[in-house]
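One structure is given here, and the rest of the page talks about it.
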Amino acid sequence: MSAGAWMTAGAVWEGSGVREAQRLGVSLLDGKTILVTGVANRWSIASGIARRLHAHGARLILTYQGERVEDSVRKTAAELGGGPVFECDVASDESLRALAAAVGPIDGLVHSIAFVKKEDLSGKVYDTSRLGFAMAMDISSYSLIALVGHLKDNLNDGSSIMALTYLGGTQIVPNYNMAGIAKAALESIVRYLAFDLGERGIRVNAISAGPISTASSRQVAGFSAMPAKVAAAAPLKRTVSADDIGNCAVYLASDLSSQVTADVHFVDAGYHAMGMYPDPPKA
């Protein structure tokens with residue numbers, strides 16, 4: 001393929017919409033069925049992932065938790081191929097058993113689920129309540145184990161599992177607090193599941209997204225200033241979007257990543273690699 005052709009194909013990764021991908025003949029996920037959790041609204045990171053998976057030919061199955069977001073998730077599903085939508089409460093084994101019985105065979109799973117009590121996203125970590133700790137770990141971390149445990153027979157050999165994480169799981173991000181502790185556990189779970197499932201050719205990876213304005217991220221005290229700080233310090237001098245995260249998910253869901261597992265993939269314009277930040281521009 002010529003350099004020009006490579007550049008044209010590369011435009012698919014930055015563009016949006018299935019027509020663009022079809023026009024260029026690049027559909028990396030044809031024939032694959034992928035279950036995506038966490039599509040709460042069209043601004044969520046999970047929605048960006050779902051859009052890009054759909055653009056590359058994947059058949060999507062979406063889940064929702066609670067009647068409050070059901071209509072929004074069903075609307076998103078209708079816009080992205082009209083795939084099935086199921087209720088899923090990851091804190092309920094009964095709900096997970098019902099999900100496993102309903103979805104059929106799948107080729108991929110996207111875990112984009114987290115919950116931390118608002119009071120545990122500020123202040124001091126040592127003030128975290130026992131209940132708050134247990135709830136955050138159950139929903140944000142153990143839920144990946146629970147989903148995989150119930151869906152292991154649904155997952156085809158060679159499938160791809162992806163979990164959304166954040167830099168606060170390995171480095172101190174003020175006010176991220178309990179969420180960072182839960183993300184650290186989630187990343188460890190990713191590695192151990194990768195080992196357990198590797199004999200079936202199933203890959204398990206995490207995507208560490210840069211700060212993106214979502215309903216969840218805005219609960220973190222001081223979040224509004226974070227995207228600009230990241231853009232100023234990151235090597236690529238920019239922020240990232242949900243579609244950028246989706247592009248990484250397409251790669252991890254596709255056969256291009258068949259030998260890639262047990263890792264955390266940073267999509268943050270390189271911010272995670274910085275050890276010292278440059279001086280701010282002079283006024």
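Chain identifiers are assigned as A, B, and so on, following the order in which chains appear in the structure tokens; residues are numbered from 1 within each chain, and ligands are numbered from 1 in order of appearance.
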
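All residues of protein, DNA or RNA that reach within 7 Å of Ala136 (chain A), judged by only C-alpha atoms and not counting those fewer than 3 positions away in the chain, are Phe115, Val116, Gly132, Phe133, Ile139, Ser140 and Ala182 of chain A.
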
Could you pull out all residues of region 49-131 of chain A with a DSSP call of alpha helix (DSSP H) and give them as a PyMOL selection string? chain A and resi 49-55+67-79+93-103+130-131

Please, which residues of region 188-251 of chain A, numbered as in this document, come out strand (DSSP E or B) from DSSP, as a PDB file with C-alpha atoms, in the first residue's frame?
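Wrote it out as selection_26.pdb, contents follow:
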```
ATOM      1  CA  ARG A 203      -7.089 -11.073  25.577  1.00  0.00           C
ATOM      2  CA  VAL A 204      -7.753  -8.786  28.527  1.00  0.00           C
ATOM      3  CA  ASN A 205      -6.507  -5.198  28.460  1.00  0.00           C
ATOM      4  CA  ALA A 206      -7.217  -1.841  30.059  1.00  0.00           C
ATOM      5  CA  ILE A 207      -7.509   1.534  28.353  1.00  0.00           C
ATOM      6  CA  SER A 208      -6.352   4.465  30.467  1.00  0.00           C
ATOM      7  CA  ALA A 209      -8.186   7.498  29.141  1.00  0.00           C
TER       8      ALA A 209
END
```

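The closest residue to Tyr192 (chain A), picked from A:Thr261, A:Ile49, A:Ile212, A:Gly38 and counting only C-alpha atoms, is A:Thr261.
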
Nearby residues (only C-alpha atoms) at most 9 Å from region 262-270 of chain A, same-chain spacing under 4 positions excluded, as a ChimeraX atom specification: /A:165-167,187,190-195,203-211,230-231,233-240,244-245,248,274

Which polymer residues have any atom within 9 Å of an atom of Leu186 (chain A), counting only C-alpha atoms, with same-chain residues fewer than 6 positions away left out, as a ChimeraX atom specification? /A:137,140-142,144,163-165,169,206

For Ile61 (chain A), which residue among A:Arg42, A:Lys32, A:Arg200, A:Lys124 is the nearest when counting only C-alpha atoms?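 Looking at the shortest contact to Ile61 (chain A), the residue is A:Lys32.
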
What does the distance from CA of Val73 (chain A) to CA of Val39 (chain A) come to in Å, to one decimal?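 Atom-to-atom, CA of Val73 (chain A) and CA of Val39 (chain A) are spaced 6.2 Å apart.
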
Selected residue of minimal separation from Gly123 (chain A) among A:Asn41, A:Asn175, A:Ser143, A:Ser72, counting only C-alpha atoms: A:Asn175

Mind checking which residues fall within 6 Å of Ser160 (chain A), counting only C-alpha atoms, ignoring those fewer than 2 positions away in the same chain, and posting them as a VMD selection string? chain A and resid 108 202 to 203 253

Keeping only N, CA and C atoms, write those residues as a PDB file, in the first residue's frame.
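Once written, selection36.pdb looks like this:
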```pdb
ATOM      1  N   GLY A 108     -16.481  -9.881  22.250  1.00  0.00           N
ATOM      2  CA  GLY A 108     -15.813  -8.819  22.983  1.00  0.00           C
ATOM      3  C   GLY A 108     -16.680  -8.300  24.110  1.00  0.00           C
ATOM      4  N   ILE A 202      -8.142 -15.570  24.700  1.00  0.00           N
ATOM      5  CA  ILE A 202      -8.913 -14.375  25.057  1.00  0.00           C
ATOM      6  C   ILE A 202      -7.964 -13.350  25.653  1.00  0.00           C
ATOM      7  N   ARG A 203      -7.954 -12.148  25.079  1.00  0.00           N
ATOM      8  CA  ARG A 203      -7.089 -11.073  25.577  1.00  0.00           C
ATOM      9  C   ARG A 203      -7.860 -10.186  26.546  1.00  0.00           C
ATOM     10  N   ALA A 253     -10.181  -4.667  20.015  1.00  0.00           N
ATOM     11  CA  ALA A 253     -11.244  -5.625  19.687  1.00  0.00           C
ATOM     12  C   ALA A 253     -10.947  -6.391  18.408  1.00  0.00           C
TER      13      ALA A 253
END
```

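Minimum distance to Ser213 (chain A) across A:Gly168, A:Gly246, A:Pro227, A:Gly201 (counting only C-alpha atoms) occurs at A:Pro227.
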
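In this model, the gap between CA of Gly104 (chain A) and CA of Asn154 (chain A) comes to 5.9 Å.
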
List the neighbours of region 146-148 of chain A out to 9 Å using only C-alpha atoms; skip same-chain residues closer than 6 positions along the sequence, and give me the result as a count of residues only. 10

Would you pick out the contacts of Gly31 (chain A) at 7 Å or less, using only C-alpha atoms, so that residues sharing its chain but fewer than 2 positions from it are not included, and give the list as a PyMOL selection string? chain A and resi 29+33+58

Min atom-atom distance to Ala78 (chain A) from the set A:Leu60, A:Leu99, A:Val110, A:Ala225, counting only C-alpha atoms, belongs to A:Leu60

Compare A:Met276, A:Met162, A:Asp153, A:Glu119 by their minimum atom-to-atom distance to Val250 (chain A), counting only C-alpha atoms, and give me the closest one. A:Met162

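Here CA of Thr170 (chain A) and CA of Ser241 (chain A) stand 21.5 Å from one another.
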